[in-house]
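Asks: My structure is in work-v8.txt, and what it holds is compact mmCIF, C-alpha atoms and all ligand atoms:
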```txt
# COMPACT_ATOMS: atom_id res chain seq x y z
CA MET X 1 116.25 94.52 90.68
CA ARG X 2 117.16 98.09 91.63
CA ALA X 3 114.51 100.28 93.27
CA LEU X 4 114.13 103.52 95.20
CA THR X 5 113.37 102.66 98.82
CA PHE X 6 112.30 104.56 101.92
CA HIS X 7 114.68 104.66 104.91
CA GLY X 8 113.25 107.52 106.98
CA THR X 9 112.48 111.21 106.69
CA HIS X 10 114.50 112.73 103.83
CA ASP X 11 116.38 109.46 103.45
CA VAL X 12 115.61 107.52 100.27
CA ARG X 13 118.10 105.15 98.66
CA VAL X 14 118.43 103.01 95.57
CA ASP X 15 118.77 99.41 96.78
CA THR X 16 118.71 95.93 95.33
CA VAL X 17 115.38 94.30 96.22
CA SER X 18 113.64 91.12 95.09
CA ASP X 19 111.97 91.07 91.68
CA PRO X 20 108.17 91.26 91.63
CA GLU X 21 106.21 88.13 90.76
CA ILE X 22 102.72 87.33 89.58
CA ILE X 23 100.64 86.61 92.71
CA ASN X 24 97.07 86.70 91.36
CA PRO X 25 95.70 85.63 87.95
CA ARG X 26 94.74 89.24 87.12
CA ASP X 27 98.30 90.54 87.75
CA ALA X 28 100.88 91.61 85.21
CA VAL X 29 104.51 92.64 85.66
CA ILE X 30 105.93 95.56 83.72
CA LYS X 31 109.48 96.66 83.05
CA VAL X 32 109.48 100.36 83.90
CA THR X 33 110.73 102.70 81.18
CA SER X 34 109.84 106.05 82.80
CA THR X 35 108.70 107.04 86.27
CA ALA X 36 108.24 110.48 87.85
CA ILE X 37 108.58 112.03 91.28
CA CYS X 38 105.31 113.59 92.47
CA GLY X 39 104.40 116.26 95.02
CA SER X 40 102.57 113.44 96.80
CA ASP X 41 105.89 111.55 97.14
CA LEU X 42 107.13 114.54 99.10
CA HIS X 43 104.54 113.80 101.82
CA LEU X 44 106.26 110.42 102.26
CA TYR X 45 109.72 111.98 101.97
CA ASP X 46 108.78 114.51 104.68
CA GLY X 47 107.62 111.65 106.90
CA VAL X 48 104.04 112.89 107.31
CA ILE X 49 102.28 109.78 105.99
CA PRO X 50 101.80 107.07 108.60
CA GLY X 51 102.43 103.45 107.67
CA VAL X 52 105.48 103.76 105.41
CA MET X 53 108.23 101.34 106.38
CA THR X 54 111.95 101.05 105.88
CA GLY X 55 112.61 99.31 102.59
CA ASP X 56 109.25 100.15 100.99
CA VAL X 57 109.60 100.82 97.26
CA LEU X 58 108.14 104.24 96.38
CA GLY X 59 106.69 105.67 93.19
CA HIS X 60 103.20 105.87 91.72
CA GLU X 61 103.71 107.65 88.39
CA PHE X 62 105.13 105.15 85.94
CA MET X 63 104.81 103.36 82.62
CA GLY X 64 106.60 100.57 80.86
CA GLU X 65 106.51 97.37 78.87
CA VAL X 66 104.49 94.30 79.84
CA VAL X 67 106.89 91.41 80.52
CA GLU X 68 104.70 88.91 82.38
CA THR X 69 100.97 88.28 82.59
CA GLY X 70 98.74 86.26 84.88
CA THR X 71 96.19 83.90 83.32
CA ASP X 72 93.35 86.45 83.70
CA SER X 73 95.25 89.56 82.63
CA THR X 74 94.00 91.17 79.41
CA LEU X 75 97.45 92.61 78.65
CA LYS X 76 99.94 91.04 76.26
CA LYS X 77 103.70 90.80 76.59
CA GLY X 78 105.46 93.61 74.76
CA GLN X 79 102.61 96.13 75.07
CA ARG X 80 103.51 99.63 76.27
CA VAL X 81 101.23 100.75 79.08
CA VAL X 82 100.71 103.69 81.41
CA VAL X 83 99.50 102.62 84.84
CA PRO X 84 97.08 104.66 87.01
CA PHE X 85 98.36 105.38 90.52
CA THR X 86 94.99 104.31 91.90
CA ILE X 87 94.50 100.55 92.04
CA ALA X 88 90.90 99.51 91.32
CA CYS X 89 89.13 96.18 90.92
CA GLY X 90 86.59 97.42 88.36
CA GLY X 91 83.69 95.44 89.82
CA CYS X 92 82.75 96.88 93.22
CA PHE X 93 80.11 99.49 94.02
CA HIS X 94 82.53 102.43 93.73
CA CYS X 95 84.26 101.21 90.55
CA LYS X 96 80.89 100.71 88.88
CA VAL X 97 80.09 104.40 89.39
CA GLN X 98 83.60 105.31 88.18
CA GLN X 99 84.79 106.36 91.63
CA TYR X 100 87.87 104.22 91.20
CA SER X 101 89.93 105.87 93.92
CA ALA X 102 87.37 104.62 96.45
CA CYS X 103 87.60 100.98 95.25
CA ASP X 104 86.28 98.59 97.91
CA ASN X 105 88.66 95.76 97.06
CA SER X 106 92.11 97.11 96.27
CA ASN X 107 93.36 97.56 99.85
CA PRO X 108 94.01 94.06 101.26
CA VAL X 109 91.84 93.26 104.28
CA GLU X 110 94.71 92.76 106.69
CA LYS X 111 96.08 96.21 105.84
CA GLN X 112 92.87 98.20 106.09
CA ASP X 113 92.81 98.96 109.81
CA LEU X 114 94.46 102.36 109.81
CA SER X 115 92.51 103.99 107.01
CA ALA X 116 89.26 102.25 107.93
CA THR X 117 89.64 103.57 111.48
CA LEU X 118 90.13 107.10 110.20
CA TYR X 119 87.38 107.20 107.58
CA GLY X 120 85.03 104.28 108.20
CA HIS X 121 86.04 102.80 104.83
CA PRO X 122 89.52 101.76 103.72
CA MET X 123 91.34 104.08 101.36
CA ALA X 124 91.85 102.44 97.96
CA GLY X 125 95.14 100.79 97.08
CA LEU X 126 97.83 103.09 95.70
CA PHE X 127 101.22 102.14 94.31
CA GLY X 128 104.22 103.00 96.46
CA TYR X 129 102.22 104.89 99.02
CA SER X 130 102.55 103.25 102.43
CA HIS X 131 100.66 100.48 104.18
CA LEU X 132 97.76 102.88 104.71
CA THR X 133 96.92 102.37 101.05
CA GLY X 134 97.66 98.68 100.71
CA GLY X 135 101.43 98.48 101.03
CA TYR X 136 101.95 97.98 97.28
CA SER X 137 105.47 98.26 95.91
CA GLY X 138 105.87 101.33 93.75
CA GLY X 139 107.12 102.10 90.28
CA GLN X 140 110.40 103.92 90.96
CA ALA X 141 111.99 100.60 90.19
CA GLU X 142 113.08 98.43 87.30
CA TYR X 143 109.98 96.22 87.51
CA VAL X 144 106.60 96.43 89.21
CA ARG X 145 103.66 94.10 89.78
CA ILE X 146 100.33 95.48 88.53
CA PRO X 147 97.28 94.07 90.36
CA PHE X 148 93.95 94.17 88.44
CA SER X 149 95.94 94.66 85.24
CA ASP X 150 92.74 94.06 83.26
CA VAL X 151 91.23 97.29 84.68
CA GLY X 152 93.84 100.04 85.16
CA PRO X 153 96.62 100.20 82.57
CA ILE X 154 96.05 101.90 79.23
CA VAL X 155 97.93 100.70 76.15
CA VAL X 156 99.65 103.62 74.40
CA PRO X 157 100.62 103.84 70.72
CA ASP X 158 104.31 103.55 69.82
CA HIS X 159 104.47 106.90 68.06
CA LEU X 160 103.86 108.75 71.35
CA ASP X 161 107.09 108.70 73.35
CA ASP X 162 107.14 108.26 77.12
CA ASP X 163 107.35 111.98 77.94
CA LYS X 164 104.11 112.59 76.06
CA VAL X 165 102.03 110.00 77.92
CA LEU X 166 103.70 109.31 81.29
CA PHE X 167 101.62 111.88 83.17
CA LEU X 168 98.42 110.01 82.35
CA SER X 169 99.43 107.94 85.40
CA ASP X 170 98.44 110.71 87.81
CA ILE X 171 98.98 114.45 87.44
CA LEU X 172 97.31 115.00 84.07
CA PRO X 173 94.03 113.31 85.12
CA THR X 174 94.44 115.04 88.49
CA GLY X 175 94.66 118.48 86.86
CA TRP X 176 91.76 117.54 84.58
CA MET X 177 89.54 116.30 87.43
CA ALA X 178 90.45 119.43 89.40
CA ALA X 179 89.13 121.56 86.53
CA GLU X 180 86.07 119.31 86.14
CA ASN X 181 85.38 119.68 89.89
CA ALA X 182 85.52 123.45 89.36
CA ASP X 183 82.73 123.05 86.76
CA ILE X 184 84.45 125.41 84.31
CA GLN X 185 82.08 127.57 82.20
CA PRO X 186 83.17 129.64 79.17
CA ASP X 187 83.06 133.03 80.90
CA ASP X 188 84.75 131.85 84.10
CA THR X 189 87.69 133.46 85.80
CA VAL X 190 89.55 130.70 87.62
CA ALA X 191 92.27 131.11 90.25
CA VAL X 192 94.72 128.24 90.85
CA TRP X 193 96.91 128.12 93.97
CA GLY X 194 100.20 126.34 93.30
CA ALA X 195 102.22 126.35 90.06
CA GLY X 196 103.56 122.87 90.72
CA PRO X 197 102.81 120.05 88.28
CA VAL X 198 99.23 119.65 89.53
CA GLY X 199 98.46 123.38 89.49
CA LEU X 200 99.96 123.81 86.02
CA PHE X 201 97.94 120.91 84.61
CA ALA X 202 94.79 122.18 86.36
CA ALA X 203 95.37 125.59 84.74
CA GLN X 204 96.00 123.96 81.34
CA SER X 205 92.84 121.85 81.70
CA ALA X 206 90.72 124.86 82.71
CA LEU X 207 91.93 126.67 79.58
CA VAL X 208 91.19 123.63 77.38
CA MET X 209 87.69 123.51 78.94
CA GLY X 210 87.21 127.11 77.82
CA ALA X 211 87.75 129.28 80.90
CA ALA X 212 87.96 132.95 79.91
CA ARG X 213 90.78 133.71 82.31
CA VAL X 214 93.04 131.60 84.54
CA ILE X 215 95.21 133.14 87.25
CA VAL X 216 97.99 131.06 88.82
CA ILE X 217 99.45 131.90 92.24
CA ASP X 218 102.88 130.82 93.53
CA HIS X 219 106.19 132.35 94.54
CA TYR X 220 108.66 130.50 92.29
CA PRO X 221 109.32 132.74 89.27
CA HIS X 222 110.22 129.83 86.98
CA ARG X 223 107.01 127.95 87.76
CA LEU X 224 104.97 131.12 87.31
CA GLU X 225 106.61 131.63 83.92
CA LEU X 226 105.49 128.14 82.87
CA ALA X 227 101.94 129.15 83.85
CA ARG X 228 102.26 132.32 81.79
CA GLY X 229 103.45 130.19 78.88
CA LEU X 230 100.16 128.28 79.03
CA GLY X 231 98.23 131.53 78.69
CA ALA X 232 97.49 132.15 82.37
CA ASP X 233 97.92 135.38 84.31
CA ILE X 234 100.15 135.10 87.37
CA ILE X 235 100.42 136.39 90.93
CA ASN X 236 103.56 136.10 93.03
CA PHE X 237 102.23 135.82 96.60
CA ARG X 238 105.50 137.18 98.02
CA GLU X 239 105.04 140.43 96.13
CA THR X 240 101.29 140.92 95.90
CA ASP X 241 98.33 140.69 98.27
CA VAL X 242 96.56 137.76 96.64
CA ARG X 243 93.03 138.40 97.85
CA GLU X 244 93.15 142.09 96.97
CA ALA X 245 94.56 141.33 93.52
CA LEU X 246 91.91 138.71 92.81
CA MET X 247 89.12 141.05 93.94
CA GLU X 248 90.42 143.68 91.59
CA MET X 249 90.78 141.20 88.71
CA SER X 250 87.19 140.02 89.18
CA GLY X 251 85.50 143.41 89.32
CA GLY X 252 85.15 143.27 93.09
CA ILE X 253 82.93 140.16 93.33
CA GLY X 254 85.50 137.38 93.64
CA VAL X 255 86.55 134.74 91.14
CA ASP X 256 84.10 132.16 89.75
CA ALA X 257 86.18 129.15 90.65
CA VAL X 258 89.18 128.43 92.87
CA ILE X 259 91.50 125.42 92.72
CA ASP X 260 93.80 124.54 95.63
CA ALA X 261 96.67 122.63 94.03
CA VAL X 262 98.95 123.11 97.03
CA GLY X 263 97.70 120.83 99.78
CA MET X 264 99.08 120.40 103.24
CA GLU X 265 102.54 121.75 102.48
CA SER X 266 101.00 125.15 101.88
CA HIS X 267 103.10 127.95 103.28
CA GLY X 268 101.37 129.02 106.44
CA PHE X 269 99.04 126.04 106.75
CA ALA X 270 98.06 125.46 110.37
CA ILE X 271 98.59 121.89 111.42
CA ASP X 272 97.55 122.38 115.03
CA ASN X 273 94.88 119.72 115.13
CA MET X 274 96.17 117.12 112.76
CA ILE X 275 96.47 113.53 113.86
CA ASP X 276 99.30 113.06 116.30
CA VAL X 277 101.67 111.31 113.97
CA VAL X 278 101.54 114.19 111.51
CA LYS X 279 101.73 116.76 114.27
CA GLN X 280 104.89 115.27 115.74
CA LYS X 281 106.64 114.96 112.42
CA VAL X 282 105.88 118.39 110.97
CA GLY X 283 105.72 120.54 114.08
CA ILE X 284 102.96 122.94 114.98
CA GLY X 285 102.32 126.05 112.97
CA ALA X 286 100.54 129.18 114.12
CA ASP X 287 97.30 129.86 112.31
CA ARG X 288 98.21 131.76 109.18
CA ALA X 289 96.47 131.99 105.84
CA SER X 290 96.80 128.73 103.97
CA ALA X 291 96.15 128.44 100.29
CA LEU X 292 92.79 126.80 100.89
CA LYS X 293 91.64 129.41 103.38
CA GLN X 294 92.70 132.16 101.02
CA ALA X 295 90.86 130.42 98.18
CA LEU X 296 87.64 130.22 100.22
CA LEU X 297 87.85 133.91 100.96
CA ALA X 298 88.56 134.82 97.32
CA VAL X 299 85.81 132.81 95.60
CA ARG X 300 82.63 134.69 94.70
CA PHE X 301 79.19 133.99 96.18
CA GLY X 302 77.81 130.88 94.47
CA GLY X 303 81.29 130.03 93.22
CA LYS X 304 83.09 126.70 92.95
CA VAL X 305 85.90 125.28 95.05
CA SER X 306 88.07 122.43 93.82
CA ILE X 307 90.70 120.81 96.06
CA PRO X 308 93.10 118.42 94.34
CA GLY X 309 95.77 119.28 96.96
CA VAL X 310 96.18 116.47 99.49
CA TYR X 311 95.29 116.96 103.15
CA GLY X 312 95.47 114.60 106.09
CA GLY X 313 94.00 114.72 109.57
CA MET X 314 92.15 117.80 110.77
CA THR X 315 92.63 121.52 110.98
CA ASP X 316 90.83 124.30 112.80
CA LYS X 317 90.16 127.98 112.09
CA PHE X 318 88.65 126.89 108.81
CA PRO X 319 86.50 129.66 107.26
CA ILE X 320 83.35 127.59 107.24
CA GLY X 321 81.28 130.77 107.52
CA ALA X 322 82.56 131.95 104.13
CA LEU X 323 81.83 128.55 102.68
CA MET X 324 78.24 128.56 103.95
CA GLU X 325 77.32 132.21 103.43
CA LYS X 326 78.75 132.20 99.93
CA GLY X 327 76.92 128.99 99.06
CA VAL X 328 79.92 127.54 97.29
CA SER X 329 80.12 124.01 95.93
CA ILE X 330 83.13 121.86 96.70
CA GLY X 331 84.80 119.03 94.81
CA THR X 332 87.83 117.12 96.03
CA GLY X 333 89.34 113.65 96.35
CA GLN X 334 92.03 111.34 95.06
CA THR X 335 91.74 111.25 91.30
CA HIS X 336 89.61 108.60 89.58
CA VAL X 337 92.40 108.17 87.03
CA GLN X 338 90.83 105.27 85.11
CA LYS X 339 87.78 107.42 84.28
CA TYR X 340 89.81 109.98 82.31
CA LEU X 341 92.47 107.93 80.51
CA LYS X 342 90.74 107.44 77.16
CA THR X 343 89.65 111.08 76.80
CA LEU X 344 93.04 112.44 77.78
CA LEU X 345 95.00 110.03 75.57
CA GLU X 346 92.86 111.23 72.65
CA LYS X 347 93.62 114.86 73.48
CA ILE X 348 97.34 114.06 73.57
CA GLU X 349 97.13 112.25 70.23
CA GLU X 350 95.26 115.15 68.66
CA GLY X 351 97.85 117.59 69.98
CA GLU X 352 95.28 119.44 72.07
CA ILE X 353 97.25 118.71 75.23
CA ASP X 354 101.05 118.60 75.41
CA THR X 355 102.49 117.89 78.85
CA THR X 356 106.18 117.78 77.93
CA PHE X 357 106.74 121.45 78.86
CA LEU X 358 106.65 120.39 82.49
CA ILE X 359 109.69 118.10 82.51
CA SER X 360 112.78 119.85 83.83
CA HIS X 361 115.03 116.83 84.43
CA HIS X 362 115.60 113.28 83.20
CA LEU X 363 117.73 111.20 85.58
CA PRO X 364 118.83 107.58 85.80
CA LEU X 365 117.12 105.65 88.63
CA GLU X 366 120.41 105.61 90.57
CA ASP X 367 120.17 109.43 90.89
CA ALA X 368 116.63 109.36 92.31
CA PRO X 369 117.74 110.60 95.77
CA THR X 370 119.18 113.74 94.13
CA GLY X 371 115.91 114.13 92.27
CA TYR X 372 113.91 113.94 95.52
CA LYS X 373 116.13 116.47 97.28
CA ASN X 374 116.03 119.04 94.50
CA PHE X 375 112.34 118.60 93.72
CA LYS X 376 111.64 119.07 97.43
CA GLU X 377 113.77 122.19 97.66
CA LYS X 378 112.43 123.40 94.31
CA GLN X 379 115.75 125.09 93.53
CA ASN X 380 117.19 125.77 90.09
CA GLU X 381 114.03 125.16 88.17
CA TRP X 382 113.39 121.56 89.28
CA THR X 383 109.77 121.39 88.16
CA LYS X 384 109.29 117.71 87.34
CA VAL X 385 111.80 114.88 87.48
CA VAL X 386 111.46 111.83 85.23
CA LEU X 387 113.56 108.80 86.15
CA ARG X 388 114.64 106.31 83.50
CA PRO X 389 115.32 102.95 85.17
P1 LIG D 401 104.55 120.70 94.36
O1 LIG D 401 105.01 120.64 95.76
O2 LIG D 401 105.55 120.57 93.26
O3 LIG D 401 103.80 122.08 94.10
C1 LIG D 401 103.12 122.81 95.08
C2 LIG D 401 103.29 124.31 94.75
O4 LIG D 401 102.50 125.07 95.68
C3 LIG D 401 104.73 124.78 94.90
O5 LIG D 401 105.20 125.37 93.70
C4 LIG D 401 104.64 125.81 96.05
O6 LIG D 401 105.54 126.88 95.91
C5 LIG D 401 103.20 126.26 95.95
N1 LIG D 401 102.66 126.88 97.17
C6 LIG D 401 102.95 126.58 98.47
N2 LIG D 401 102.24 127.37 99.31
C7 LIG D 401 101.47 128.18 98.52
C8 LIG D 401 100.53 129.20 98.80
N3 LIG D 401 100.21 129.53 100.06
N4 LIG D 401 99.93 129.83 97.75
C9 LIG D 401 100.23 129.49 96.46
N5 LIG D 401 101.12 128.52 96.14
C10 LIG D 401 101.74 127.87 97.16
O7 LIG D 401 103.44 119.59 94.25
P2 LIG D 401 102.51 119.02 93.04
O8 LIG D 401 103.16 117.79 92.49
O9 LIG D 401 102.09 120.08 92.11
O10 LIG D 401 101.26 118.53 93.91
C11 LIG D 401 100.42 119.49 94.52
C12 LIG D 401 99.43 118.83 95.47
O11 LIG D 401 98.58 117.95 94.72
C13 LIG D 401 100.10 117.96 96.55
O12 LIG D 401 99.37 118.12 97.76
C14 LIG D 401 99.89 116.57 96.02
O13 LIG D 401 99.90 115.60 97.05
C15 LIG D 401 98.53 116.71 95.40
N6 LIG D 401 98.14 115.65 94.48
C16 LIG D 401 96.86 115.21 94.57
C17 LIG D 401 96.42 114.19 93.76
C18 LIG D 401 95.00 113.73 93.85
O14 LIG D 401 94.69 112.62 93.44
N7 LIG D 401 94.10 114.53 94.38
C19 LIG D 401 97.29 113.61 92.83
C20 LIG D 401 98.60 114.11 92.72
C21 LIG D 401 99.02 115.13 93.56
ZN ZN D 402 101.53 111.67 91.89
```
Can you turn what I pasted into structure tokens?

Replies:
Amino acid sequence: MRALTFHGTHDVRVDTVSDPEIINPRDAVIKVTSTAICGSDLHLYDGVIPGVMTGDVLGHEFMGEVVETGTDSTLKKGQRVVVPFTIACGGCFHCKVQQYSACDNSNPVEKQDLSATLYGHPMAGLFGYSHLTGGYSGGQAEYVRIPFSDVGPIVVPDHLDDDKVLFLSDILPTGWMAAENADIQPDDTVAVWGAGPVGLFAAQSALVMGAARVIVIDHYPHRLELARGLGADIINFRETDVREALMEMSGGIGVDAVIDAVGMESHGFAIDNMIDVVKQKVGIGADRASALKQALLAVRFGGKVSIPGVYGGMTDKFPIGALMEKGVSIGTGQTHVQKYLKTLLEKIEEGEIDTTFLISHHLPLEDAPTGYKNFKEKQNEWTKVVLRP
């Protein structure tokens, strides 16, 4: 089959690789109909994630048609499914409390060393996301093997086309969990850093949850216009002093909730103390205001901080004093996708959430390298790329 494979920093190629096969009774194989490029893929593309190898098939946002099932799979051939990017067994301690992205069993034992050494517990398995997270082949391909297919995938009705449901695989639940972690209350003013796919869906979710006012911060005019289209106010950080503007917009006390949907590629993020591998690859930045630091300084006393943006390693000059003195609460983590699928599919079916506004480009799989390059450079309104294998 054809698949998008990793060959080094900023070098991805569409190659012919072997077809996936059923390995375990709970597996299924799907034929991919749509798959997207995510901001998280850019961490791999930029070479900052350890454990990704030449030839690895990337991609963790995908959906398709079931073509093969293991004897213990609950799926049936021909069903259309969206697959969560987080692989979860459904039966371990963490899965039982719906913390699927901390699954104890989805990262094969022989591959756990690196993440277990870092965090004292292996990171859960993720599709197409390096050997740190299980070394699973990803979904930017014609076919993909789905482990624990009786737990993750959600069957979607035929009347909802791919563009309407594809983002259930990651960024819609991620935006939703980001808003949930910000504990949105009806009178809240919420500030969201990053008008990328995750920030836009976090803003949309906060509005659906009833926030009085949502303010989105970025510097790409087109992305900010999409935020405005959702009903958010906007701040261009190149033109306006963000903290001053937010203080003014919140009557001088700071905003009720802040959401960092930028992560470690934040402009000005200091990477001084990150693990060596990251440090070598990205270079060392001087300490400047990152999105997260700015968010911590802008949130009000007793406010809420939500961090869907991905970070790795360590950083210093973190405003821990603001965090403590303000008595803020923090929520973060890889998304527990499985937990939100049913609720969000219902909201899509009822028309309460429409995610199609985000898609700027549809490309054939063969053009995936162009998609990566343009999504990375964010030029000419490349907001979200959907590949059609
Ligand atoms: P993206 O790169 O398309 O968007 C990031 C946006 O942040 C860009 O528009 C950029 O201009 C903006 N930005 C950069 N520096 C900024 C600053 N200082 N202030 C305000 N805005 C700034 O990426 P995305 O797909 O939206 O993903 C965003 C983050 O969410 C990434 O770190 C990604 O890895 C993470 N993510 C997390 C999960 C999860 O499970 N927690 C899932 C998916 C993605
Ligand atoms: Zn993603």

Asks: Restricting the calculation to all atoms listed in the file: of X:Arg80, X:His60, X:His131, X:His361, which residue gets closest to ligand LIG 401 (chain D)?

Replies: X:His60

Asks: For Gly254 (chain X), list every protein, DNA or RNA residue within 12 Å, evaluated using all atoms listed in the file, and leave out those in the same chain fewer than 6 positions away; present the list as a PyMOL selection string.

Replies: chain X and resi 188-191+242-248+294-304+326+328

Asks: Identify which of the residues X:Gly263, X:Glu352, X:Val255, X:Pro389 lies closest to Leu207 (chain X), counting all atoms listed in the file when measuring atom-to-atom distances.

Replies: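 Answer, going by the shortest atom-to-atom distance: X:Glu352.
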
Asks: To one decimal place, how far is CA of Glu349 (chain X) from CA of Gly371 (chain X) in Å?

Replies: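 According to the coordinates, CA of Glu349 (chain X) and CA of Gly371 (chain X) are separated by 29.0 Å.
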
Asks: Name all residues at most 7 Å from Val81 (chain X) (count only C-alpha atoms; drop same-chain ones fewer than 5 positions away) and give them as a list of chain:residue names.

Replies: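 Neighbouring residues, sequence-local ones excluded: X:Met63, X:Gly64, X:Glu65, X:Pro153, X:Ile154, X:Val155, X:Val156.
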
Asks: Using only C-alpha atoms and all ligand atoms, find each residue with an atom at most 10 Å away from ligand ZN 402 (chain D) and format the answer as a PDB file with C-alpha atoms, keeping the file's coordinate frame.

Replies:
```
ATOM      1  CA  ALA X  36     108.240 110.480  87.850  1.00  0.00           C
ATOM      2  CA  ILE X  37     108.580 112.030  91.280  1.00  0.00           C
ATOM      3  CA  CYS X  38     105.310 113.590  92.470  1.00  0.00           C
ATOM      4  CA  GLY X  39     104.400 116.260  95.020  1.00  0.00           C
ATOM      5  CA  SER X  40     102.570 113.440  96.800  1.00  0.00           C
ATOM      6  CA  ASP X  41     105.890 111.550  97.140  1.00  0.00           C
ATOM      7  CA  LEU X  42     107.130 114.540  99.100  1.00  0.00           C
ATOM      8  CA  GLY X  59     106.690 105.670  93.190  1.00  0.00           C
ATOM      9  CA  HIS X  60     103.200 105.870  91.720  1.00  0.00           C
ATOM     10  CA  GLU X  61     103.710 107.650  88.390  1.00  0.00           C
ATOM     11  CA  PHE X  62     105.130 105.150  85.940  1.00  0.00           C
ATOM     12  CA  PRO X  84      97.080 104.660  87.010  1.00  0.00           C
ATOM     13  CA  PHE X  85      98.360 105.380  90.520  1.00  0.00           C
ATOM     14  CA  THR X  86      94.990 104.310  91.900  1.00  0.00           C
ATOM     15  CA  PHE X 127     101.220 102.140  94.310  1.00  0.00           C
ATOM     16  CA  TYR X 129     102.220 104.890  99.020  1.00  0.00           C
ATOM     17  CA  PHE X 167     101.620 111.880  83.170  1.00  0.00           C
ATOM     18  CA  SER X 169      99.430 107.940  85.400  1.00  0.00           C
ATOM     19  CA  ASP X 170      98.440 110.710  87.810  1.00  0.00           C
ATOM     20  CA  ILE X 171      98.980 114.450  87.440  1.00  0.00           C
ATOM     21  CA  LEU X 172      97.310 115.000  84.070  1.00  0.00           C
ATOM     22  CA  THR X 174      94.440 115.040  88.490  1.00  0.00           C
ATOM     23  CA  PRO X 197     102.810 120.050  88.280  1.00  0.00           C
ATOM     24  CA  VAL X 198      99.230 119.650  89.530  1.00  0.00           C
ATOM     25  CA  THR X 335      91.740 111.250  91.300  1.00  0.00           C
TER      26      THR X 335
END
```

Asks: Between X:Gln98, X:Thr35, X:Thr69, X:Ser106, which is the closest to Ser149 (chain X) once you count all atoms listed in the file?

Replies: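 For Ser149 (chain X), the nearest of the candidates is X:Thr69.
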
Asks: Using only C-alpha atoms and all ligand atoms, which residue out of X:Leu224, X:Leu387, X:Ala257, X:Ala195 lies closest to ligand LIG 401 (chain D)?

Replies: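 Smallest separation from ligand LIG 401 (chain D) among the options: X:Ala195.
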
Asks: Quick one: of X:Leu358, X:Gly333, X:Gly125, X:Thr71, who's nearest to Arg223 (chain X), counting only C-alpha atoms?

Replies: X:Leu358

Asks: Compare X:Phe6, X:Phe375, X:Phe357, X:Phe93 by their minimum atom-to-atom distance to ligand LIG 401 (chain D), counting all atoms listed in the file, and give me the closest one.

Replies: X:Phe375

Asks: By how many Å are atom C5 of ligand LIG 401 (chain D) and CA of Ala212 (chain X) apart?

Replies: 23.1 Å

Asks: If you count all atoms listed in the file, which residues fall within 12 Å of region 308-311 of chain X, apart from same-chain ones fewer than 3 positions away, as a count of residues only?

Replies: 59

Asks: Just to confirm, what's the straight-line distance from atom C5 of ligand LIG 401 (chain D) to CA of Val386 (chain X) in Å (one decimal)?

Replies: 19.8 Å
